[in-house]
$ cat entry-v7.txt   # compact mmCIF, C-alpha atoms
# COMPACT_ATOMS: atom_id res chain seq x y z
CA MET L 1 72.10 93.75 123.52
CA ARG L 2 69.79 94.85 120.74
CA ASP L 3 66.21 95.96 121.21
CA TYR L 4 64.43 93.82 118.64
CA TRP L 5 61.42 96.03 117.88
CA LEU L 6 63.43 99.22 117.79
CA SER L 7 65.82 97.51 115.39
CA LYS L 8 62.86 96.26 113.33
CA LEU L 9 61.42 99.75 113.13
CA PHE L 10 64.68 101.21 111.86
CA PHE L 11 65.20 98.29 109.46
CA ASP L 12 61.67 98.63 108.05
CA LEU L 13 62.07 102.37 107.58
CA GLN L 14 64.54 101.64 104.79
CA SER L 15 61.39 101.19 102.70
CA PRO L 16 60.85 104.57 101.01
CA PRO L 17 57.01 104.47 101.26
CA LEU L 18 57.18 103.69 104.97
CA ALA L 19 59.79 106.40 105.46
CA ASP L 20 57.48 108.89 103.72
CA GLU L 21 54.62 107.87 105.98
CA TYR L 22 56.85 108.16 109.04
CA ARG L 23 58.07 111.60 108.15
CA ALA L 24 54.47 112.71 107.63
CA GLY L 25 53.47 111.50 111.09
CA ARG L 26 55.49 109.31 113.37
CA ALA L 27 52.76 108.21 115.75
CA GLN L 28 50.76 106.11 113.32
CA VAL L 29 53.86 104.13 112.38
CA LEU L 30 55.17 103.83 115.93
CA ASP L 31 51.77 102.45 117.02
CA ARG L 32 52.45 99.33 114.93
CA TYR L 33 55.60 98.43 116.87
CA PRO L 34 55.45 97.14 120.45
CA LEU L 35 58.19 99.43 121.68
CA LYS L 36 58.91 99.66 125.37
CA PRO L 37 57.63 103.02 126.71
CA GLU L 38 61.12 104.33 127.42
CA VAL L 39 62.28 103.32 123.94
CA ARG L 40 59.31 104.98 122.26
CA ALA L 41 59.97 108.11 124.31
CA ALA L 42 63.58 108.07 123.16
CA VAL L 43 62.46 107.81 119.53
CA GLU L 44 59.96 110.62 119.94
CA SER L 45 62.55 112.88 121.53
CA ASP L 46 65.38 112.05 119.09
CA ASP L 47 67.44 110.82 122.02
CA VAL L 48 70.48 109.61 120.12
CA ALA L 49 72.41 108.41 123.15
CA THR L 50 69.60 106.25 124.53
CA LEU L 51 68.86 104.70 121.15
CA ALA L 52 72.55 104.12 120.41
CA ALA L 53 72.73 101.68 123.29
CA ARG L 54 69.92 99.57 121.84
CA VAL L 55 70.43 99.29 118.10
CA ASN L 56 73.14 98.52 115.55
CA PRO L 57 75.12 101.71 114.85
CA TYR L 58 74.61 101.49 111.09
CA LEU L 59 70.84 101.34 111.56
CA LEU L 60 71.05 104.21 114.05
CA ARG L 61 72.92 106.35 111.57
CA PHE L 62 70.52 105.45 108.78
CA TYR L 63 67.50 106.26 110.95
CA PHE L 64 68.53 109.79 111.80
CA LEU L 65 69.49 110.51 108.20
CA MET L 66 66.08 109.24 107.11
CA ALA L 67 64.34 111.23 109.82
CA GLY L 68 65.97 114.43 108.62
CA MET L 69 68.51 115.18 111.35
CA PRO L 70 71.42 117.13 109.81
CA GLU L 71 74.63 115.15 109.71
CA ASP L 72 76.49 117.69 111.85
CA GLU L 73 73.81 117.47 114.53
CA PHE L 74 73.88 113.68 114.51
CA LEU L 75 77.66 113.72 114.81
CA ARG L 76 77.46 116.17 117.71
CA ARG L 77 74.94 114.01 119.55
CA ILE L 78 76.58 110.64 118.91
CA ARG L 79 79.95 112.00 119.98
CA ALA L 80 78.41 113.48 123.12
CA SER L 81 76.91 110.08 123.93
CA ALA L 82 80.40 108.86 124.84
CA THR L 83 80.78 111.53 127.49
CA PRO L 84 80.06 110.29 131.02
CA PRO L 85 76.98 112.08 132.40
CA ALA L 86 79.05 113.92 135.00
CA THR L 87 76.98 117.10 134.77
CA LYS L 88 73.76 115.25 135.41
CA ALA L 89 75.28 113.41 138.36
CA ALA L 90 76.68 116.61 139.81
CA HIS L 91 73.21 118.08 139.82
CA GLY L 92 71.79 115.02 141.43
CA MET V 1 89.77 73.51 86.15
CA ALA V 2 89.18 77.21 86.51
CA GLU V 3 91.94 79.74 86.79
CA LEU V 4 92.26 82.48 89.39
CA THR V 5 93.10 85.61 87.42
CA GLY V 6 93.46 88.04 90.28
CA VAL V 7 92.61 88.82 93.90
CA TYR V 8 91.82 92.41 94.80
CA ALA V 9 90.50 94.64 97.56
CA ALA V 10 88.78 98.01 97.48
CA SER V 11 87.05 100.32 99.91
CA HIS V 12 83.38 101.01 99.30
CA GLY V 13 82.34 103.92 101.56
CA PRO V 14 78.92 105.33 100.58
CA MET V 15 80.22 108.88 100.78
CA ILE V 16 82.38 108.09 97.74
CA VAL V 17 79.10 108.49 95.85
CA ARG V 18 76.89 110.50 98.20
CA ASN V 19 79.50 113.13 98.95
CA TRP V 20 81.37 113.05 95.64
CA GLU V 21 80.68 116.66 94.67
CA LYS V 22 81.80 117.90 98.08
CA LEU V 23 85.12 116.08 98.05
CA ALA V 24 88.24 118.14 97.54
CA PRO V 25 89.67 117.86 94.00
CA ALA V 26 92.69 115.96 95.34
CA GLU V 27 90.40 113.51 97.14
CA ARG V 28 88.38 112.91 93.98
CA ASP V 29 91.52 112.54 91.91
CA GLY V 30 92.98 110.01 94.34
CA LEU V 31 89.85 107.88 94.36
CA THR V 32 89.46 108.10 90.59
CA SER V 33 93.06 107.04 90.12
CA ALA V 34 92.73 104.13 92.55
CA PHE V 35 89.51 102.78 91.09
CA SER V 36 90.81 103.22 87.54
CA GLU V 37 93.93 101.22 88.29
CA LEU V 38 91.87 98.57 90.05
CA GLY V 39 89.60 98.32 87.02
CA ARG V 40 92.53 98.21 84.62
CA ARG V 41 94.10 95.32 86.49
CA MET V 42 90.84 93.43 86.78
CA ARG V 43 90.00 93.82 83.10
CA ALA V 44 93.51 92.71 82.15
CA GLY V 45 92.77 89.36 83.77
CA ARG V 46 89.72 88.91 81.49
CA PRO V 47 87.63 87.22 84.18
CA ASP V 48 84.61 85.18 83.11
CA ALA V 49 83.25 85.37 86.65
CA LEU V 50 83.87 87.49 89.72
CA ILE V 51 83.60 86.31 93.31
CA MET V 52 82.87 89.32 95.52
CA ILE V 53 83.29 89.31 99.29
CA SER V 54 81.36 92.12 100.92
CA PRO V 55 79.09 92.71 103.91
CA ASP V 56 75.34 93.19 103.81
CA HIS V 57 74.37 96.65 105.08
CA TRP V 58 70.94 95.61 106.40
CA VAL V 59 69.56 95.00 102.93
CA ASN V 60 69.10 91.23 102.74
CA PHE V 61 69.42 90.22 106.37
CA PHE V 62 68.17 91.33 109.77
CA ILE V 63 68.74 90.20 113.33
CA ASP V 64 65.92 87.67 113.01
CA ASN V 65 68.07 85.69 110.57
CA LEU V 66 71.64 86.82 110.26
CA PRO V 67 74.04 84.44 108.52
CA ALA V 68 77.73 84.64 109.30
CA ILE V 69 78.49 83.93 105.65
CA CYS V 70 76.07 83.59 102.73
CA VAL V 71 76.78 82.60 99.14
CA GLY V 72 74.53 84.00 96.41
CA VAL V 73 73.74 81.12 94.04
CA GLY V 74 71.05 82.81 91.97
CA GLU V 75 70.99 83.28 88.22
CA THR V 76 70.58 86.98 88.86
CA HIS V 77 70.96 89.46 91.68
CA GLU V 78 69.10 92.69 92.26
CA GLY V 79 70.86 96.01 91.94
CA PRO V 80 71.45 98.32 94.88
CA PRO V 81 68.34 99.48 96.74
CA GLU V 82 69.93 102.63 98.14
CA PRO V 83 68.05 105.66 96.73
CA TRP V 84 71.34 107.50 96.23
CA LEU V 85 72.57 104.71 93.94
CA LYS V 86 69.78 105.09 91.39
CA ALA V 87 72.36 106.16 88.81
CA PHE V 88 74.17 102.82 89.10
CA PRO V 89 73.69 101.44 85.58
CA HIS V 90 72.59 97.90 86.47
CA ARG V 91 69.28 97.03 88.13
CA ILE V 92 69.83 93.31 87.56
CA LEU V 93 73.28 91.71 87.75
CA ALA V 94 74.05 88.29 86.36
CA GLY V 95 75.05 85.54 88.75
CA HIS V 96 77.03 82.39 88.06
CA PRO V 97 74.98 79.56 89.55
CA ALA V 98 77.35 76.83 88.38
CA LEU V 99 80.39 78.34 90.09
CA ALA V 100 78.36 79.40 93.13
CA GLY V 101 76.87 75.93 93.53
CA HIS V 102 80.31 74.39 93.22
CA ILE V 103 81.63 76.74 95.92
CA VAL V 104 78.81 75.75 98.25
CA ARG V 105 79.40 72.06 97.68
CA GLU V 106 83.15 72.46 98.18
CA ALA V 107 82.51 74.46 101.35
CA LEU V 108 80.28 71.79 102.85
CA GLU V 109 82.71 69.08 101.81
CA HIS V 110 85.55 70.83 103.62
CA GLY V 111 83.94 71.74 106.94
CA PHE V 112 82.32 75.10 106.15
CA GLU V 113 78.60 75.75 106.52
CA PRO V 114 77.53 78.65 104.32
CA SER V 115 74.06 80.04 104.18
CA VAL V 116 72.67 80.11 100.65
CA SER V 117 70.51 82.66 98.86
CA TYR V 118 68.92 82.39 95.44
CA ARG V 119 68.10 86.10 95.36
CA LEU V 120 70.31 88.75 96.87
CA ALA V 121 70.21 92.49 96.47
CA LEU V 122 73.74 93.79 96.02
CA ASP V 123 74.12 97.00 97.98
CA HIS V 124 76.75 99.72 97.79
CA GLY V 125 79.40 97.40 99.20
CA PHE V 126 79.27 95.49 95.93
CA CYS V 127 78.18 98.15 93.50
CA ILE V 128 80.36 101.17 94.29
CA PRO V 129 83.60 99.31 93.48
CA LEU V 130 82.05 97.73 90.37
CA TRP V 131 80.82 101.10 89.19
CA LYS V 132 83.83 103.23 90.04
CA ALA V 133 86.26 100.66 88.65
CA GLY V 134 84.47 100.92 85.32
CA LEU V 135 83.70 97.23 84.96
CA ASP V 136 81.18 97.34 82.14
CA PRO V 137 80.08 94.89 80.93
CA LEU V 138 80.10 93.23 84.31
CA PRO V 139 81.23 89.63 84.60
CA PRO V 140 78.72 87.28 86.26
CA ILE V 141 79.06 87.69 90.00
CA VAL V 142 79.11 85.19 92.85
CA PRO V 143 78.43 87.25 95.98
CA VAL V 144 79.85 85.96 99.24
CA VAL V 145 78.35 88.00 102.06
CA PHE V 146 80.34 88.18 105.27
CA ASN V 147 78.70 89.51 108.41
CA ASP V 148 80.98 92.41 109.28
CA LEU V 149 78.26 94.65 110.69
CA GLU V 150 76.60 93.00 113.65
CA PRO V 151 78.53 91.12 116.36
CA PRO V 152 79.35 88.35 116.85
CA TYR V 153 81.49 88.31 113.73
CA PRO V 154 83.22 85.39 112.03
CA SER V 155 86.73 85.10 113.40
CA VAL V 156 89.61 86.55 111.43
CA THR V 157 91.24 83.14 111.08
CA ARG V 158 87.99 81.63 109.84
CA CYS V 159 87.74 84.35 107.23
CA PHE V 160 91.27 83.51 106.07
CA ASP V 161 90.30 79.85 105.84
CA TRP V 162 87.20 80.81 103.87
CA GLY V 163 89.37 82.61 101.36
CA ALA V 164 91.66 79.63 100.99
CA MET V 165 88.64 77.41 100.46
CA LEU V 166 87.30 79.78 97.77
CA ALA V 167 90.60 79.54 95.89
CA GLN V 168 90.52 75.77 96.22
CA ALA V 169 86.96 75.72 94.89
CA VAL V 170 88.05 77.78 91.89
CA ALA V 171 90.92 75.36 91.27
CA SER V 172 88.64 72.33 91.42
CA TYR V 173 85.83 73.80 89.31
CA PRO V 174 85.09 71.31 86.53
CA GLY V 175 85.18 73.68 83.62
CA LYS V 176 87.28 76.23 81.84
CA LEU V 177 86.69 79.52 83.59
CA ARG V 178 88.71 82.60 84.46
CA VAL V 179 87.76 83.84 87.94
CA ALA V 180 88.72 86.97 89.87
CA ILE V 181 88.08 87.69 93.55
CA LEU V 182 87.31 91.17 94.85
CA ALA V 183 86.98 91.88 98.58
CA THR V 184 85.42 95.19 99.53
CA GLY V 185 85.19 97.38 102.60
CA GLY V 186 87.57 98.85 105.17
CA LEU V 187 89.99 100.06 106.08
CA SER V 188 89.43 101.92 109.37
CA HIS V 189 86.22 103.84 109.88
CA SER V 190 83.50 104.26 112.41
CA ILE V 191 79.79 104.57 111.60
CA GLY V 192 77.06 105.49 114.08
CA GLU V 193 79.38 105.24 117.05
CA PRO V 194 80.77 107.96 119.30
CA ASP V 195 84.00 108.12 117.31
CA MET V 196 82.18 108.40 113.97
CA GLY V 197 84.40 110.15 111.45
CA ARG V 198 87.63 109.03 113.07
CA ILE V 199 90.10 107.38 110.72
CA ASP V 200 92.84 105.38 112.41
CA GLU V 201 95.57 106.08 109.91
CA ALA V 202 98.22 104.39 112.05
CA PHE V 203 96.14 101.21 112.09
CA ASP V 204 95.59 101.39 108.35
CA ARG V 205 99.26 101.83 107.49
CA ASP V 206 100.36 99.08 109.90
CA CYS V 207 97.62 96.81 108.55
CA ILE V 208 98.72 97.47 104.98
CA ARG V 209 102.31 96.59 105.92
CA CYS V 210 101.10 93.29 107.38
CA PHE V 211 99.26 92.46 104.16
CA GLU V 212 102.25 93.47 102.06
CA ARG V 213 104.56 91.20 104.00
CA GLY V 214 102.26 88.20 103.79
CA ASP V 215 102.84 86.16 106.95
CA PRO V 216 99.26 85.32 108.00
CA ALA V 217 100.24 84.59 111.62
CA ALA V 218 101.64 88.09 112.04
CA LEU V 219 98.54 89.56 110.43
CA PHE V 220 96.28 87.61 112.78
CA GLY V 221 98.27 88.81 115.80
CA PHE V 222 98.13 92.40 114.62
CA LEU V 223 94.39 92.29 114.01
CA LYS V 224 93.68 90.63 117.35
CA GLN V 225 95.41 93.50 119.06
CA ARG V 226 94.43 96.47 116.91
CA LEU V 227 91.22 95.70 115.00
CA PRO V 228 88.91 96.33 117.98
CA GLY V 229 90.21 99.89 118.27
CA ALA V 230 89.98 100.82 114.60
CA GLY V 231 86.25 101.58 114.47
CA ASN V 232 83.29 99.31 113.83
CA GLY V 233 83.67 99.69 110.06
CA ALA V 234 87.18 98.29 110.21
CA SER V 235 85.53 94.95 110.83
CA GLU V 236 85.29 94.77 107.04
CA VAL V 237 89.02 94.05 106.99
CA ARG V 238 87.80 90.48 107.48
CA ASN V 239 86.96 90.52 103.77
CA TRP V 240 90.54 91.54 102.97
CA VAL V 241 91.73 88.69 105.18
CA ALA V 242 89.60 86.29 103.14
CA ALA V 243 91.25 87.65 99.99
CA HIS V 244 94.59 87.11 101.69
CA GLY V 245 93.59 83.49 102.29
CA ALA V 246 92.60 83.11 98.64
CA ALA V 247 96.11 84.29 97.71
CA ARG V 248 97.60 81.73 100.09
CA GLY V 249 98.79 84.43 102.44
CA ARG V 250 101.23 85.92 99.99
CA GLY V 251 101.66 89.66 100.14
CA PHE V 252 99.71 92.20 98.20
CA GLU V 253 100.72 95.26 96.25
CA LEU V 254 99.10 98.41 97.51
CA ILE V 255 97.48 100.30 94.68
CA ARG V 256 96.66 103.34 96.78
CA TYR V 257 95.75 104.45 100.29
CA ASP V 258 94.18 107.75 101.26
CA PRO V 259 92.57 108.59 104.58
CA ILE V 260 89.65 110.75 103.44
CA PRO V 261 87.70 112.49 106.23
CA ASN V 262 84.93 113.52 103.83
CA VAL V 263 84.35 109.84 103.11
CA TYR V 264 84.83 108.87 106.80
CA VAL V 265 87.05 106.02 105.62
CA GLY V 266 90.70 105.10 105.29
CA CYS V 267 90.35 104.18 101.62
CA GLY V 268 92.57 101.33 100.47
CA PHE V 269 93.02 99.46 97.20
CA ALA V 270 95.24 96.45 96.62
CA ALA V 271 96.07 93.53 94.35
CA TRP V 272 97.60 90.30 95.61
CA ASN V 273 100.70 88.69 94.18
CA LEU V 274 99.28 85.53 92.70
CA LYS V 275 102.43 84.54 90.85
CA ASP V 276 104.19 84.18 94.18
CA ALA V 277 101.20 82.22 95.46
CA ALA V 278 101.46 79.83 92.51
CA ARG V 279 105.07 79.07 93.40
CA SER V 280 104.27 78.21 97.03
$ encode --input "entry-v7.txt" --output "C-alpha cells"
Amino acid sequence: MRDYWLSKLFFDLQSPPLADEYRAGRAQVLDRYPLKPEVRAAVESDDVATLAARVNPYLLRFYFLMAGMPEDEFLRRIRASATPPATKAAHG
Amino acid sequence: MAELTGVYAASHGPMIVRNWEKLAPAERDGLTSAFSELGRRMRAGRPDALIMISPDHWVNFFIDNLPAICVGVGETHEGPPEPWLKAFPHRILAGHPALAGHIVREALEHGFEPSVSYRLALDHGFCIPLWKAGLDPLPPIVPVVFNDLEPPYPSVTRCFDWGAMLAQAVASYPGKLRVAILATGGLSHSIGEPDMGRIDEAFDRDCIRCFERGDPAALFGFLKQRLPGAGNGASEVRNWVAAHGAARGRGFELIRYDPIPNVYVGCGFAAWNLKDAARS
C-alpha cells in the first residue's frame, strides 16, 4: 500500500526548483505535505527501510539520489532493509 | 494500408547514459555494437512512423491517475525531462496524430480501452534507445505507454493482445505508410528494492530462448513462473511481449545480450522475424 502524500512529495521533488529548495532546507517543504508523524520522522532521519515500505521503489531511489545520499550508501541501506530485524528483537 | 517494416526491442537503463564514462571498455563496446546494429536494422526498413512501447518513469503519470496503457496522439511530444539527458538532441519530437488516432479507434473497436494523451513527455525509456541507435532524423513517433512500474500491471497476455492489435491497426491504416515498432525496457533488473543491482542472468537467457522459439503459450507459462522473481524492472518485459504479439508470436533474432552490473540491467536487443509472421 502506498502512502499518498509521501509519494506526492517524492514525485513533486522531480521538479529541479523544488529539489533545490528542499536541499536548502527540508522543513519548509515538508510543512506543505500532510505527512503522518511517523512518515515525516522517517523522511527526516533518512530511514530508507521505513520509507521503502510506503512508496514506489523507483520514486524511493530517485528521492535519495536527489537528496544527496551516495549510491553505495543507498544500496547498503536498501539491501539491509530486507534483513529481518533479529538484532532488534533479541535486544527486546 | 500501412506496412510493418520491423519489430524491435531494446533495453533503456538510465545508467547507459549516466554511468557511461564509468563502464568498462568491453561494456561500452557491447552496448555501442548492439545499439548500432539496432539502428542499422531500423533505418534499413525506412519507417515513416515509429510506434514505441515503453513505460512512464513517473514523468507523465502519478498514482492519482495512472493509466494501464496510454497512447500519445499529439502532434508533438516533449523531450526527456531528466537533467542528465540534457544532451539528448531533441527537445520536441514529432508525433503522428493520424496513425495514433487510428490506433485508438481500432483499439476501442476491438475491445481495448486505452487512455489518450495529447501531450506526453518522452523520458529515458523512449529517448535512450532513439539516441543510442543513432536515429536522426527521427521518424514521427506514436508513444504507447505501458504501466510497468506500479502494480497492478496489465497482464502479460493482455500485453500480447495489445501488440497484436497494434499490428492489425497498422495493417488497416488507410494510407501508405511504413511503420516500425520498438519496445523498450528489461530484461531483468531491480530498482529501489532490496535486491537492487541483481541481474537474473538465468531468467534473461531462458526468457530470450522463449522469445526466439516463438510459442506464445510457452512464453506466458515461463513468465508466470519466473517474472515475479526477476526484479521489479523485469516487469518491462511486458513491452517485449507486446512486440511479440505484434509479430504474431513468431520468434525473434537476438541482436545482443549482456548482463552489465554497472548498468544494473540485463541488457537485451532483438529484432522479430516478420517474414515468418507474414507467412502465418
$ atom_distance --input "entry-v7.txt" --atom1 "CA of Met1 (chain L)" --atom2 "CA of Ala49 (chain L)"
14.7 Å
$ interface_residues --input "entry-v7.txt" --of "chain L" --to "chain V" --cutoff "6 Å" --atoms "all atoms listed in the file" --output "list of chain:residue names"
L:Pro57, L:Tyr58, L:Arg61, L:Ile78, L:Arg79, L:Ala82
$ write_last_selection --input "entry-v7.txt" --atoms "C-alpha atoms" --output "PDB file, keeping the file's coordinate frame"
ATOM      1  CA  PRO L  57      75.120 101.710 114.850  1.00  0.00           C
ATOM      2  CA  TYR L  58      74.610 101.490 111.090  1.00  0.00           C
ATOM      3  CA  ARG L  61      72.920 106.350 111.570  1.00  0.00           C
ATOM      4  CA  ILE L  78      76.580 110.640 118.910  1.00  0.00           C
ATOM      5  CA  ARG L  79      79.950 112.000 119.980  1.00  0.00           C
ATOM      6  CA  ALA L  82      80.400 108.860 124.840  1.00  0.00           C
TER       7      ALA L  82
END
$ residues_around --input "entry-v7.txt" --residues "region 19-22 of chain L" --least-positions-apart "4" --cutoff "12 Å" --atoms "only C-alpha atoms" --output "MDAnalysis selection string"
chainID L and resid 9:15 26:32 43:44 62:68
$ write_last_selection --input "entry-v7.txt" --atoms "C-alpha atoms" --output "PDB file, keeping the file's coordinate frame"
ATOM      1  CA  LEU L   9      61.420  99.750 113.130  1.00  0.00           C
ATOM      2  CA  PHE L  10      64.680 101.210 111.860  1.00  0.00           C
ATOM      3  CA  PHE L  11      65.200  98.290 109.460  1.00  0.00           C
ATOM      4  CA  ASP L  12      61.670  98.630 108.050  1.00  0.00           C
ATOM      5  CA  LEU L  13      62.070 102.370 107.580  1.00  0.00           C
ATOM      6  CA  GLN L  14      64.540 101.640 104.790  1.00  0.00           C
ATOM      7  CA  SER L  15      61.390 101.190 102.700  1.00  0.00           C
ATOM      8  CA  ARG L  26      55.490 109.310 113.370  1.00  0.00           C
ATOM      9  CA  ALA L  27      52.760 108.210 115.750  1.00  0.00           C
ATOM     10  CA  GLN L  28      50.760 106.110 113.320  1.00  0.00           C
ATOM     11  CA  VAL L  29      53.860 104.130 112.380  1.00  0.00           C
ATOM     12  CA  LEU L  30      55.170 103.830 115.930  1.00  0.00           C
ATOM     13  CA  ASP L  31      51.770 102.450 117.020  1.00  0.00           C
ATOM     14  CA  ARG L  32      52.450  99.330 114.930  1.00  0.00           C
ATOM     15  CA  VAL L  43      62.460 107.810 119.530  1.00  0.00           C
ATOM     16  CA  GLU L  44      59.960 110.620 119.940  1.00  0.00           C
ATOM     17  CA  PHE L  62      70.520 105.450 108.780  1.00  0.00           C
ATOM     18  CA  TYR L  63      67.500 106.260 110.950  1.00  0.00           C
ATOM     19  CA  PHE L  64      68.530 109.790 111.800  1.00  0.00           C
ATOM     20  CA  LEU L  65      69.490 110.510 108.200  1.00  0.00           C
ATOM     21  CA  MET L  66      66.080 109.240 107.110  1.00  0.00           C
ATOM     22  CA  ALA L  67      64.340 111.230 109.820  1.00  0.00           C
ATOM     23  CA  GLY L  68      65.970 114.430 108.620  1.00  0.00           C
TER      24      GLY L  68
END
$ residues_around --input "entry-v7.txt" --residues "region 113-120 of chain V" --least-positions-apart "3" --cutoff "8 Å" --atoms "only C-alpha atoms" --output "short mmCIF file (atom, residue, chain, number, x, y, z; two decimals) with C-alpha atoms, in the frame of the given file"
data_model
loop_
_atom_site.label_atom_id
_atom_site.label_comp_id
_atom_site.auth_asym_id
_atom_site.auth_seq_id
_atom_site.Cartn_x
_atom_site.Cartn_y
_atom_site.Cartn_z
CA ASN V 60 69.10 91.23 102.74
CA PRO V 67 74.04 84.44 108.52
CA ALA V 68 77.73 84.64 109.30
CA ILE V 69 78.49 83.93 105.65
CA CYS V 70 76.07 83.59 102.73
CA VAL V 71 76.78 82.60 99.14
CA GLY V 72 74.53 84.00 96.41
CA VAL V 73 73.74 81.12 94.04
CA GLY V 74 71.05 82.81 91.97
CA GLU V 75 70.99 83.28 88.22
CA THR V 76 70.58 86.98 88.86
CA HIS V 77 70.96 89.46 91.68
CA GLU V 78 69.10 92.69 92.26
CA VAL V 104 78.81 75.75 98.25
CA ALA V 107 82.51 74.46 101.35
CA LEU V 108 80.28 71.79 102.85
#
$ atom_distance --input "entry-v7.txt" --atom1 "CA of Ile181 (chain V)" --atom2 "CA of Gly6 (chain V)"
6.3 Å
$ atom_distance --input "entry-v7.txt" --atom1 "CA of Ala9 (chain V)" --atom2 "CA of Cys210 (chain V)"
14.5 Å
$ residues_around --input "entry-v7.txt" --residues "Arg205 (chain V)" --least-positions-apart "6" --cutoff "12 Å" --atoms "only C-alpha atoms" --output "list in words"
Leu187, Ser188, Ile199, Phe211, Glu212, Phe222, Arg226, Ala230, Leu254, Arg256, Tyr257, Asp258, Pro259, Gly266, Cys267 and Gly268 of chain V
